[in-house]
Amino acid sequence: MGLTVTEQIIKQHLVFGTMEPGREVSIKIDQTLTQDSTGTMAYLQLEAMGIDQVKTERSVAYIDHNMLQAGFENADDHKYIQTVAAKHGVYFSKPGNGICHQVQLERFGAPGKTLLGSDSHTPTGGALGMLAIGAGGLDVAVAMGGGAYSIVMPEVVNIRLTGKLRPFVSAKDIILEVLRRLGVKGGVGRVMEYTGEGIKNLSVPERATITNMGAELGATTSLFPSDDVTKAFLKAQGREEVWREILPDADAVYALTVDINLAELTPLCAAPHSPDNVATVAETAGIKVDQVAIGSCTNGSYLDFMRAARILKGKTVHPDVSLVLSPGSKQVLTMLAENGALADLIAAGARVLEAGCGPCIGMGQAPATNAVSLRTFNRNFFGRSGTDSAQVYLVSPETAAASAITGVLTDPETLDVDLTIAEPAEFAAADNLIVPPSANPTEVEVVRGPNIKPFPLGVALTGDVVENVLIKVEDNITTDHIMPSNAALLPYRSNIPHLANFCLVPCDPDFPARAKEQNGGCIIAGDNYGQGSSREHAALVPLYLGVRFVLAKSFARIHKANLINSGIIPLTFADPADYDRLGPLERLTIADAPTQLASGNLVTVQTDSGTIEAKLDVTDKELAMLLCGGKINWLKANL
Ligand code: MIC
Ligand code: SF4
């Protein structure tokens with residue numbers, strides 16, 4: 001039987017396990033990336049594990065999230081990451097060089113390789129035909145140390161694209177269409193593999209918009225084959241030598257095929273507050289817009305900005321609109337500056353930020369009260385923009401630029417502009433902002449600022465676990481709910497005690513105080529708990545607050561792994577209807593927890609009014625981690 005691209009890459013990297021959907025497989029990791037908001041923790045963990053030099057082919061530490069330096073904290077963390085990278089064999093991408101996913105795609109990614117990144121949008125690299133997966137910082141630290149990465153062998157879904165996009169319809173509309181059809185849980189346990197005639201007309205950066213936002217499907221990753229389009233991109237990046245062709249076998253078998261005719265697509269938008277709340281721009285058009293933001297790791301490419309510049313050239317942004325740009329990389333910004341497109345954008349009234357995440361993670365540019373913000377980003381979760389009352393719509397750069405001029409959500413298909421722009425034959429590729437690791441690592445002194453505080457460690461599981469329900473939350477709670485990130489909080493990513501005061505506050509402002517008062521407890525949740533970011537702070541902070549287990553209808557993949565790594569037990573309801581039976585401050589008891597968990601049977605949970613059954617769906621290794629209080633304890637005992 002033939003293999004999909006996903007299966008070919010997993011097979012070549014298989015260290016342990018059987019490639020059957022649902023079974024655990026461990027794979028060798030060739031490349032890693034970290035960014036600064038998850039990176040401090042990852043490198044503290046690397047140091048704690050006593051790893052001297054990284055064992056990967058290439059590991060890169062990016063500074064792209066915490067760019068505002070309102071106090072010393074971010075600058076201190078940048079220094080820590082730069083020095084710890086130099087000491088341990090990691091390349092360092094300076095602030096200003098761009099967003100990790102885009103720079104990795106441009107400068108380091110290679111077909112057929114595996115990449116593990118401490119950021120949920122790491123699958124962006126799948127645009128090059130690599131298996132690129134997001135994970136918690138601790139898992140990335142282990143991979144840097146040469147350890148294999150374990151996943152549940154995914155099902156491979158074929159998204160078969162036919163036809164050609166019409167002008168003004170672009171890659172963002174393709175992934176919004178996939179989200180419209182499959183929803184934010186549609187990719188759970190799956191890899192989305194794109195095939196079909198339609199992919200031939202999509203350049204690598206356009207493919208990257210699609211693989212990037214596959215994270216919003218909950219997918220393990222997304223990828224495209226490595227073909228002539230991939231070759232042309234790598235050549236234009238001066239890296240043709242890393243290209244190799246990787247196509248699915250002719251008789252590859254997919255679990256499911258989803259057909260999309262690109263010619264039939266129209267501009268789409270995701271309405272507040274979920275990326276799968278998709279409607280056509282035509283039917284939503286006319287709502288008044290206050291802010292337009294173009295950029296991020298989803299739509300921060302050369303083509304994205306060139307199209308926006310074409311639309312805005314000679315025009316002026318509407319008086320009531322603030323247009324803000326956050327380019328994906330220095331390469332993109334340089335090229336726009338060199339060819340004059342940046343001047344067109346500035347002349348039209350755009351506010352230009354440095355290449356980085358910026359407003360996508362609430363680092364500045366928070367919208368006004370009740371404002372409507374159109375963003376070319378990938379997430380419109382409640383509160384993520386920094387303004388709880390803001391209404392964020394996710395759109396393509398074409399829709400964003402058209403609306404910036406009119407001041408209302410505007411269908412770009414109503415424009416009369418020629419948007420034919422070729423991908424460059426040569427990109428402005430320069431690696432002068434990438435600092436190689438030190439040739440004399442023993443001489444490097446790692447600089448630690450006062451903002452860096454020790455992180456909490458779990459304790460071995462013993463006896464009965466008796467905990468009160470601290471909070472009961474609904475479906476699709478994101479890590480932005482559990483551990484909010486914004487300009488005020490991001491500087492404290494290496495300070496868990498401070499972050500603890502904000503845990504789950506978007507759901508209940510009293511949660512941190514209650515958790516402290518009760519000396520910890522447990523969390524009851526609906527479906528897809530922990531969707532979104534890879535931030536392990538959404539597990540470490542609850543651990544710090546004494547949360548022992550989460551009982552949910554289901555979990556998002558990365559968050560579940562982060563809970564296990566922290567020693568917090570992720571239980572699911574055997575009968576989801578039992579969710580309705582539980583209330584706040586109810587006392588839940590798991591009698592003789594180690595024995596029950598290890599039995600492999602259903603776990604009986606005593607409640608105030610009876611018992612309910614829960615499932616623990618973990619591998620043997622994960623069970624061992626839970627029993628000894630998390631991955632670090634497990635590593636210490638096993639390595
Ligand atoms: C995000 O887009 O939510 C982030 C910020 O990039 C996160 C990482 C983080 O929380 O630091 C992610 O996607 O993993
Ligand atoms: Fe940065 Fe936004 Fe991309 Fe996360 S989604 S890496 S915050 S640009």
# chains A, B, ... in the order shown; residues from 1 in each chain; ligands from 1

$ closest_atom_pairs --of "chain A" --to "ligand 2" --cutoff "8 Å" --atoms "only C-alpha atoms and all ligand atoms" --output "JSON lines"
{"residue": "A:Asp64", "atom": "CA", "partner": "ligand 2", "partner_atom_place_in_ligand_line": "1 (Fe)", "distance": 7.0}
{"residue": "A:His65", "atom": "CA", "partner": "ligand 2", "partner_atom_place_in_ligand_line": "1 (Fe)", "distance": 6.0}
{"residue": "A:Ile99", "atom": "CA", "partner": "ligand 2", "partner_atom_place_in_ligand_line": "1 (Fe)", "distance": 6.4}
{"residue": "A:Cys100", "atom": "CA", "partner": "ligand 2", "partner_atom_place_in_ligand_line": "6 (S)", "distance": 6.9}
{"residue": "A:His101", "atom": "CA", "partner": "ligand 2", "partner_atom_place_in_ligand_line": "6 (S)", "distance": 6.9}
{"residue": "A:Asp119", "atom": "CA", "partner": "ligand 2", "partner_atom_place_in_ligand_line": "6 (S)", "distance": 6.5}
{"residue": "A:Ser120", "atom": "CA", "partner": "ligand 2", "partner_atom_place_in_ligand_line": "4 (Fe)", "distance": 7.3}
{"residue": "A:His121", "atom": "CA", "partner": "ligand 2", "partner_atom_place_in_ligand_line": "6 (S)", "distance": 6.1}
{"residue": "A:Gly295", "atom": "CA", "partner": "ligand 2", "partner_atom_place_in_ligand_line": "8 (S)", "distance": 7.7}
{"residue": "A:Ser296", "atom": "CA", "partner": "ligand 2", "partner_atom_place_in_ligand_line": "8 (S)", "distance": 4.0}
{"residue": "A:Cys297", "atom": "CA", "partner": "ligand 2", "partner_atom_place_in_ligand_line": "3 (Fe)", "distance": 4.3}
{"residue": "A:Thr298", "atom": "CA", "partner": "ligand 2", "partner_atom_place_in_ligand_line": "3 (Fe)", "distance": 6.6}
{"residue": "A:Gly328", "atom": "CA", "partner": "ligand 2", "partner_atom_place_in_ligand_line": "8 (S)", "distance": 7.8}
{"residue": "A:Gly356", "atom": "CA", "partner": "ligand 2", "partner_atom_place_in_ligand_line": "8 (S)", "distance": 6.7}
{"residue": "A:Cys357", "atom": "CA", "partner": "ligand 2", "partner_atom_place_in_ligand_line": "8 (S)", "distance": 4.0}
{"residue": "A:Gly358", "atom": "CA", "partner": "ligand 2", "partner_atom_place_in_ligand_line": "8 (S)", "distance": 7.2}
{"residue": "A:Pro359", "atom": "CA", "partner": "ligand 2", "partner_atom_place_in_ligand_line": "2 (Fe)", "distance": 7.8}
{"residue": "A:Cys360", "atom": "CA", "partner": "ligand 2", "partner_atom_place_in_ligand_line": "2 (Fe)", "distance": 4.4}
{"residue": "A:Ile361", "atom": "CA", "partner": "ligand 2", "partner_atom_place_in_ligand_line": "7 (S)", "distance": 4.4}
{"residue": "A:Phe377", "atom": "CA", "partner": "ligand 2", "partner_atom_place_in_ligand_line": "2 (Fe)", "distance": 6.7}
{"residue": "A:Asn378", "atom": "CA", "partner": "ligand 2", "partner_atom_place_in_ligand_line": "5 (S)", "distance": 6.0}
{"residue": "A:Arg379", "atom": "CA", "partner": "ligand 2", "partner_atom_place_in_ligand_line": "5 (S)", "distance": 7.0}
{"residue": "A:Ser533", "atom": "CA", "partner": "ligand 2", "partner_atom_place_in_ligand_line": "4 (Fe)", "distance": 7.5}

$ select_by_dssp --residues "segment 72-260 of chain A" --states "strand (DSSP E)" --output "MDAnalysis selection string"
chainID A and resid 91:93 114:117 131:134 149:152 155:162 190:195 221:223 256:260

$ residues_near_ligand --ligand "ligand 1" --cutoff "9 Å" --atoms "only C-alpha atoms and all ligand atoms" --output "MDAnalysis selection string"
chainID A and resid 35:39 65 117:122 134:136 215 297 357 360:361 378:379 384 479:480 483:485 490 493 532:538

$ write_last_selection --atoms "C-alpha atoms" --output "compact mmCIF listing (two decimals), in the first residue's frame"
# COMPACT_ATOMS: atom_id res chain seq x y z
CA GLN A 35 10.24 32.05 20.27
CA ASP A 36 10.75 34.40 23.17
CA SER A 37 7.44 34.05 24.97
CA THR A 38 7.75 30.26 25.27
CA GLY A 39 11.53 30.21 24.85
CA HIS A 65 6.66 38.15 20.39
CA GLY A 117 8.58 24.32 17.64
CA SER A 118 7.41 25.80 20.93
CA ASP A 119 4.62 27.59 19.14
CA SER A 120 1.34 26.22 17.85
CA HIS A 121 1.82 27.69 14.37
CA THR A 122 4.99 25.70 13.72
CA GLY A 134 3.92 22.63 17.61
CA ALA A 135 4.59 21.53 21.19
CA GLY A 136 5.18 22.79 24.70
CA ALA A 215 -3.49 24.99 13.74
CA CYS A 297 2.71 34.64 10.59
CA CYS A 357 3.92 39.35 16.10
CA CYS A 360 -1.64 39.46 16.87
CA ILE A 361 -0.74 38.67 20.47
CA ASN A 378 -5.24 33.45 12.53
CA ARG A 379 -7.05 33.83 15.86
CA ARG A 384 -6.86 38.30 22.52
CA THR A 479 -5.26 29.01 26.27
CA ASP A 480 -5.94 32.75 25.87
CA MET A 483 -3.42 32.14 30.61
CA PRO A 484 -4.14 35.43 28.87
CA SER A 485 -1.36 37.12 26.91
CA LEU A 490 3.72 38.76 28.10
CA ARG A 493 6.45 34.59 30.81
CA GLY A 532 -4.99 27.44 20.59
CA SER A 533 -1.52 28.26 21.77
CA SER A 534 1.26 25.87 22.78
CA ARG A 535 2.04 27.97 25.86
CA GLU A 536 2.84 25.59 28.70
CA HIS A 537 2.10 28.46 31.08
CA ALA A 538 -1.55 27.39 30.69

$ residues_around --residues "Pro367 of chain A" --least-positions-apart "2" --cutoff "10 Å" --atoms "only C-alpha atoms" --output "list in words"
Asp290, Gln291, Val292, Ser322, Pro359, Gly362, Gly364, Gln365, Thr369, Asn370, Ala371, Val372, Ser373, Ser385, Gly386, Thr387, Asp388, Ser389, Ala390, Gln391 and Val392 of chain A

$ write_last_selection --atoms "all heavy atoms" --output "compact mmCIF listing (two decimals), in the first residue's frame"
# COMPACT_ATOMS: atom_id res chain seq x y z
N ASP A 290 -13.16 49.97 12.48
CA ASP A 290 -12.34 50.96 13.19
C ASP A 290 -10.85 50.72 13.03
O ASP A 290 -10.06 51.64 13.08
CB ASP A 290 -12.67 50.91 14.69
CG ASP A 290 -14.14 51.12 14.94
OD1 ASP A 290 -14.56 52.28 14.98
OD2 ASP A 290 -14.88 50.11 15.05
N GLN A 291 -10.49 49.45 12.88
CA GLN A 291 -9.07 49.13 12.77
C GLN A 291 -8.87 48.05 11.71
O GLN A 291 -9.71 47.14 11.59
CB GLN A 291 -8.55 48.60 14.12
CG GLN A 291 -7.07 48.30 14.12
CD GLN A 291 -6.63 47.59 15.40
OE1 GLN A 291 -7.16 46.54 15.76
NE2 GLN A 291 -5.65 48.16 16.09
N VAL A 292 -7.77 48.14 10.97
CA VAL A 292 -7.40 47.10 10.02
C VAL A 292 -5.95 46.75 10.28
O VAL A 292 -5.10 47.64 10.35
CB VAL A 292 -7.59 47.57 8.56
CG1 VAL A 292 -7.05 46.52 7.59
CG2 VAL A 292 -9.06 47.86 8.27
N SER A 322 -7.81 52.98 11.62
CA SER A 322 -6.37 52.92 11.86
C SER A 322 -5.85 51.67 11.14
O SER A 322 -6.28 50.56 11.44
CB SER A 322 -6.09 52.82 13.36
OG SER A 322 -4.76 52.45 13.56
N PRO A 359 0.39 43.17 17.16
CA PRO A 359 -1.00 43.16 17.60
C PRO A 359 -1.64 41.77 17.63
O PRO A 359 -2.63 41.57 18.32
CB PRO A 359 -1.72 44.04 16.57
CG PRO A 359 -0.73 44.34 15.50
CD PRO A 359 0.63 44.01 15.99
N GLY A 362 -1.64 40.83 21.01
CA GLY A 362 -2.03 41.90 21.93
C GLY A 362 -0.86 42.74 22.40
O GLY A 362 -0.94 43.43 23.43
N GLY A 364 0.40 45.66 21.90
CA GLY A 364 0.15 46.97 21.31
C GLY A 364 -1.00 46.94 20.33
O GLY A 364 -1.49 45.86 19.95
N GLN A 365 -1.46 48.12 19.95
CA GLN A 365 -2.54 48.30 18.97
C GLN A 365 -3.85 47.64 19.44
O GLN A 365 -4.62 47.13 18.61
CB GLN A 365 -2.15 47.75 17.59
CG GLN A 365 -0.85 48.31 17.05
CD GLN A 365 -0.89 49.80 16.80
OE1 GLN A 365 -1.90 50.31 16.34
NE2 GLN A 365 0.18 50.51 17.12
N THR A 369 -12.77 50.63 22.63
CA THR A 369 -13.95 49.97 23.19
C THR A 369 -14.98 49.71 22.09
O THR A 369 -15.28 50.61 21.29
CB THR A 369 -14.58 50.88 24.27
OG1 THR A 369 -13.55 51.19 25.21
CG2 THR A 369 -15.74 50.20 24.99
N ASN A 370 -15.47 48.50 22.04
CA ASN A 370 -16.49 48.07 21.06
C ASN A 370 -16.04 48.18 19.60
O ASN A 370 -16.87 48.09 18.69
CB ASN A 370 -17.80 48.86 21.21
CG ASN A 370 -18.43 48.65 22.57
OD1 ASN A 370 -18.30 47.57 23.13
ND2 ASN A 370 -19.07 49.68 23.12
N ALA A 371 -14.76 48.38 19.37
CA ALA A 371 -14.29 48.59 17.99
C ALA A 371 -14.41 47.31 17.17
O ALA A 371 -14.33 46.20 17.70
CB ALA A 371 -12.83 49.04 18.01
N VAL A 372 -14.57 47.49 15.86
CA VAL A 372 -14.48 46.37 14.92
C VAL A 372 -13.07 46.40 14.32
O VAL A 372 -12.63 47.42 13.80
CB VAL A 372 -15.55 46.49 13.81
CG1 VAL A 372 -15.27 45.48 12.69
CG2 VAL A 372 -16.93 46.28 14.39
N SER A 373 -12.37 45.28 14.46
CA SER A 373 -11.01 45.19 13.93
C SER A 373 -10.95 44.07 12.90
O SER A 373 -11.31 42.93 13.19
CB SER A 373 -10.03 44.91 15.08
OG SER A 373 -8.73 44.73 14.57
N SER A 385 -7.10 40.47 21.44
CA SER A 385 -6.58 41.72 20.88
C SER A 385 -6.15 42.70 21.97
O SER A 385 -5.51 43.71 21.70
CB SER A 385 -7.67 42.39 20.04
OG SER A 385 -8.75 42.79 20.90
N GLY A 386 -6.51 42.39 23.22
CA GLY A 386 -6.21 43.30 24.32
C GLY A 386 -7.43 44.10 24.75
O GLY A 386 -7.40 44.81 25.75
N THR A 387 -8.52 44.01 23.98
CA THR A 387 -9.76 44.73 24.30
C THR A 387 -10.91 43.73 24.31
O THR A 387 -11.28 43.19 23.26
CB THR A 387 -10.04 45.82 23.24
OG1 THR A 387 -8.89 46.65 23.14
CG2 THR A 387 -11.26 46.67 23.59
N ASP A 388 -11.48 43.50 25.49
CA ASP A 388 -12.53 42.47 25.59
C ASP A 388 -13.76 42.78 24.74
O ASP A 388 -14.41 41.89 24.20
CB ASP A 388 -12.96 42.28 27.05
CG ASP A 388 -11.91 41.52 27.85
OD1 ASP A 388 -10.94 41.04 27.23
OD2 ASP A 388 -12.07 41.42 29.08
N SER A 389 -14.08 44.07 24.61
CA SER A 389 -15.31 44.40 23.88
C SER A 389 -15.09 44.50 22.37
O SER A 389 -16.04 44.72 21.62
CB SER A 389 -15.87 45.74 24.40
OG SER A 389 -14.97 46.78 24.07
N ALA A 390 -13.84 44.32 21.92
CA ALA A 390 -13.57 44.45 20.48
C ALA A 390 -14.16 43.27 19.72
O ALA A 390 -14.26 42.16 20.23
CB ALA A 390 -12.07 44.52 20.23
N GLN A 391 -14.56 43.52 18.48
CA GLN A 391 -15.10 42.50 17.59
C GLN A 391 -14.07 42.26 16.49
O GLN A 391 -13.87 43.11 15.63
CB GLN A 391 -16.41 43.00 16.94
CG GLN A 391 -17.48 43.41 17.94
CD GLN A 391 -18.02 42.20 18.69
OE1 GLN A 391 -18.40 41.21 18.09
NE2 GLN A 391 -18.02 42.29 20.01
N VAL A 392 -13.38 41.13 16.56
CA VAL A 392 -12.30 40.87 15.60
C VAL A 392 -12.77 39.91 14.51
O VAL A 392 -13.27 38.82 14.80
CB VAL A 392 -11.04 40.32 16.31
CG1 VAL A 392 -9.96 39.99 15.29
CG2 VAL A 392 -10.51 41.33 17.33

$ residues_around --residues "segment 626-633 of chain A" --least-positions-apart "2" --cutoff "9 Å" --atoms "only C-alpha atoms" --output "number ranges by chain"
A: 45, 48-49, 138-139, 457-462, 563-569, 594, 597-598, 621-624, 635-638

$ atom_distance --atom1 "atom CA of Arg514 of chain A" --atom2 "atom CA of Asn451 of chain A"
25.5 Å

$ select_by_dssp --residues "segment 132-240 of chain A" --states "helix (DSSP H, G or I)" --output "ChimeraX atom specification"
/A:137-144,171-182,197-201,204-217,228-236,240

$ atom_distance --atom1 "atom CA of Pro95 of chain A" --atom2 "atom CA of Leu325 of chain A"
16.5 Å

$ closest_residue --among "A:Ala293, A:Leu217, A:Ile287, A:Ala350" --to "Lys313 of chain A" --atoms "only C-alpha atoms"
A:Ala350

$ closest_residue --among "A:Lys113, A:Lys200, A:Lys164, A:His481" --to "Val505 of chain A" --atoms "only C-alpha atoms"
A:His481

$ closest_residue --among "A:Ala171, A:Val466, A:Val204, A:Val156" --to "Val253 of chain A" --atoms "only C-alpha atoms"
A:Val156

$ residues_around --residues "Tyr544 of chain A" --least-positions-apart "6" --cutoff "9 Å" --atoms "only C-alpha atoms" --output "PyMOL selection string"
chain A and resi 455-458+496-497+500+520

$ write_last_selection --atoms "C-alpha atoms" --output "tab-separated table (two decimals), in the first residue's frame"
chain	number	residue	atom	x	y	z
A	455	PHE	CA	9.20	27.26	37.61
A	456	PRO	CA	6.98	24.90	39.64
A	457	LEU	CA	7.51	21.13	39.69
A	458	GLY	CA	4.79	18.54	40.24
A	496	ILE	CA	4.88	32.06	37.00
A	497	PRO	CA	3.95	33.53	40.44
A	500	ALA	CA	-0.91	33.14	38.49
A	520	GLY	CA	-5.79	24.22	44.79

$ closest_residue --among "A:Leu268, A:Ala515, A:Ala279, A:Ile477" --to "Thr376 of chain A" --atoms "only C-alpha atoms"
A:Leu268

$ residues_around --residues "Phe573 of chain A" --least-positions-apart "2" --cutoff "10 Å" --atoms "only C-alpha atoms" --output "PyMOL selection string"
chain A and resi 524-526+551-554+571+575-579+602-603+612-616

$ write_last_selection --atoms "N, CA, C and O atoms" --output "PDB file, in the first residue's frame"
ATOM      1  N   ILE A 524     -13.456  21.725  35.821  1.00  0.00           N
ATOM      2  CA  ILE A 524     -14.407  20.981  34.994  1.00  0.00           C
ATOM      3  C   ILE A 524     -14.575  21.753  33.684  1.00  0.00           C
ATOM      4  O   ILE A 524     -14.796  22.974  33.703  1.00  0.00           O
ATOM      5  N   ALA A 525     -14.464  21.043  32.559  1.00  0.00           N
ATOM      6  CA  ALA A 525     -14.496  21.741  31.273  1.00  0.00           C
ATOM      7  C   ALA A 525     -15.310  20.972  30.239  1.00  0.00           C
ATOM      8  O   ALA A 525     -15.540  19.770  30.386  1.00  0.00           O
ATOM      9  N   GLY A 526     -15.690  21.696  29.182  1.00  0.00           N
ATOM     10  CA  GLY A 526     -16.438  21.095  28.080  1.00  0.00           C
ATOM     11  C   GLY A 526     -15.501  20.498  27.046  1.00  0.00           C
ATOM     12  O   GLY A 526     -14.406  20.027  27.357  1.00  0.00           O
ATOM     13  N   LEU A 551     -11.132  17.692  34.493  1.00  0.00           N
ATOM     14  CA  LEU A 551     -12.101  16.710  33.991  1.00  0.00           C
ATOM     15  C   LEU A 551     -12.905  17.409  32.896  1.00  0.00           C
ATOM     16  O   LEU A 551     -13.655  18.342  33.169  1.00  0.00           O
ATOM     17  N   ALA A 552     -12.666  16.986  31.646  1.00  0.00           N
ATOM     18  CA  ALA A 552     -13.250  17.702  30.500  1.00  0.00           C
ATOM     19  C   ALA A 552     -13.987  16.727  29.591  1.00  0.00           C
ATOM     20  O   ALA A 552     -13.816  15.512  29.690  1.00  0.00           O
ATOM     21  N   LYS A 553     -14.779  17.286  28.670  1.00  0.00           N
ATOM     22  CA  LYS A 553     -15.393  16.420  27.656  1.00  0.00           C
ATOM     23  C   LYS A 553     -14.319  15.976  26.652  1.00  0.00           C
ATOM     24  O   LYS A 553     -14.315  14.852  26.190  1.00  0.00           O
ATOM     25  N   SER A 554     -13.411  16.898  26.290  1.00  0.00           N
ATOM     26  CA  SER A 554     -12.255  16.529  25.461  1.00  0.00           C
ATOM     27  C   SER A 554     -11.210  17.637  25.566  1.00  0.00           C
ATOM     28  O   SER A 554     -11.509  18.739  26.024  1.00  0.00           O
ATOM     29  N   LEU A 571      -8.431  14.116  32.651  1.00  0.00           N
ATOM     30  CA  LEU A 571      -9.474  13.091  32.604  1.00  0.00           C
ATOM     31  C   LEU A 571     -10.600  13.543  31.688  1.00  0.00           C
ATOM     32  O   LEU A 571     -10.881  14.742  31.597  1.00  0.00           O
ATOM     33  N   ASP A 575     -19.170   9.477  30.294  1.00  0.00           N
ATOM     34  CA  ASP A 575     -20.475   9.873  29.767  1.00  0.00           C
ATOM     35  C   ASP A 575     -20.557  11.404  29.816  1.00  0.00           C
ATOM     36  O   ASP A 575     -20.696  11.985  30.904  1.00  0.00           O
ATOM     37  N   PRO A 576     -20.442  12.064  28.649  1.00  0.00           N
ATOM     38  CA  PRO A 576     -20.393  13.536  28.646  1.00  0.00           C
ATOM     39  C   PRO A 576     -21.586  14.179  29.362  1.00  0.00           C
ATOM     40  O   PRO A 576     -21.489  15.316  29.831  1.00  0.00           O
ATOM     41  N   ALA A 577     -22.683  13.438  29.505  1.00  0.00           N
ATOM     42  CA  ALA A 577     -23.860  14.005  30.175  1.00  0.00           C
ATOM     43  C   ALA A 577     -23.566  14.294  31.650  1.00  0.00           C
ATOM     44  O   ALA A 577     -24.233  15.132  32.279  1.00  0.00           O
ATOM     45  N   ASP A 578     -22.536  13.612  32.211  1.00  0.00           N
ATOM     46  CA  ASP A 578     -22.192  13.853  33.617  1.00  0.00           C
ATOM     47  C   ASP A 578     -21.676  15.268  33.852  1.00  0.00           C
ATOM     48  O   ASP A 578     -21.656  15.751  34.987  1.00  0.00           O
ATOM     49  N   TYR A 579     -21.222  15.922  32.772  1.00  0.00           N
ATOM     50  CA  TYR A 579     -20.770  17.328  32.885  1.00  0.00           C
ATOM     51  C   TYR A 579     -21.838  18.155  33.579  1.00  0.00           C
ATOM     52  O   TYR A 579     -21.545  18.989  34.434  1.00  0.00           O
ATOM     53  N   LEU A 602     -11.647   2.432  33.728  1.00  0.00           N
ATOM     54  CA  LEU A 602     -12.266   3.720  33.994  1.00  0.00           C
ATOM     55  C   LEU A 602     -11.901   4.153  35.415  1.00  0.00           C
ATOM     56  O   LEU A 602     -11.738   3.318  36.309  1.00  0.00           O
ATOM     57  N   VAL A 603     -11.777   5.439  35.616  1.00  0.00           N
ATOM     58  CA  VAL A 603     -11.439   5.988  36.929  1.00  0.00           C
ATOM     59  C   VAL A 603     -12.753   6.402  37.592  1.00  0.00           C
ATOM     60  O   VAL A 603     -13.547   7.125  36.990  1.00  0.00           O
ATOM     61  N   ILE A 612     -19.146   9.247  39.358  1.00  0.00           N
ATOM     62  CA  ILE A 612     -19.148   9.288  37.896  1.00  0.00           C
ATOM     63  C   ILE A 612     -17.887   8.584  37.404  1.00  0.00           C
ATOM     64  O   ILE A 612     -16.921   8.440  38.154  1.00  0.00           O
ATOM     65  N   GLU A 613     -17.917   8.155  36.155  1.00  0.00           N
ATOM     66  CA  GLU A 613     -16.756   7.458  35.598  1.00  0.00           C
ATOM     67  C   GLU A 613     -16.003   8.398  34.670  1.00  0.00           C
ATOM     68  O   GLU A 613     -16.614   9.164  33.920  1.00  0.00           O
ATOM     69  N   ALA A 614     -14.671   8.304  34.759  1.00  0.00           N
ATOM     70  CA  ALA A 614     -13.839   9.143  33.889  1.00  0.00           C
ATOM     71  C   ALA A 614     -12.820   8.268  33.175  1.00  0.00           C
ATOM     72  O   ALA A 614     -12.492   7.179  33.637  1.00  0.00           O
ATOM     73  N   LYS A 615     -12.327   8.784  32.028  1.00  0.00           N
ATOM     74  CA  LYS A 615     -11.329   8.036  31.253  1.00  0.00           C
ATOM     75  C   LYS A 615      -9.985   8.752  31.324  1.00  0.00           C
ATOM     76  O   LYS A 615      -9.933   9.986  31.335  1.00  0.00           O
ATOM     77  N   LEU A 616      -8.926   7.971  31.334  1.00  0.00           N
ATOM     78  CA  LEU A 616      -7.581   8.543  31.225  1.00  0.00           C
ATOM     79  C   LEU A 616      -6.981   7.970  29.954  1.00  0.00           C
ATOM     80  O   LEU A 616      -6.603   6.800  29.915  1.00  0.00           O
TER      81      LEU A 616
END

$ residues_around --residues "segment 402-418 of chain A" --least-positions-apart "4" --cutoff "8 Å" --atoms "only C-alpha atoms" --output "ChimeraX atom specification"
/A:167-169,267,281-282,284-292,310-312,315-323,398

$ closest_residue --among "A:Arg107, A:Lys172, A:His498, A:Arg375" --to "Gly214 of chain A" --atoms "only C-alpha atoms"
A:Lys172
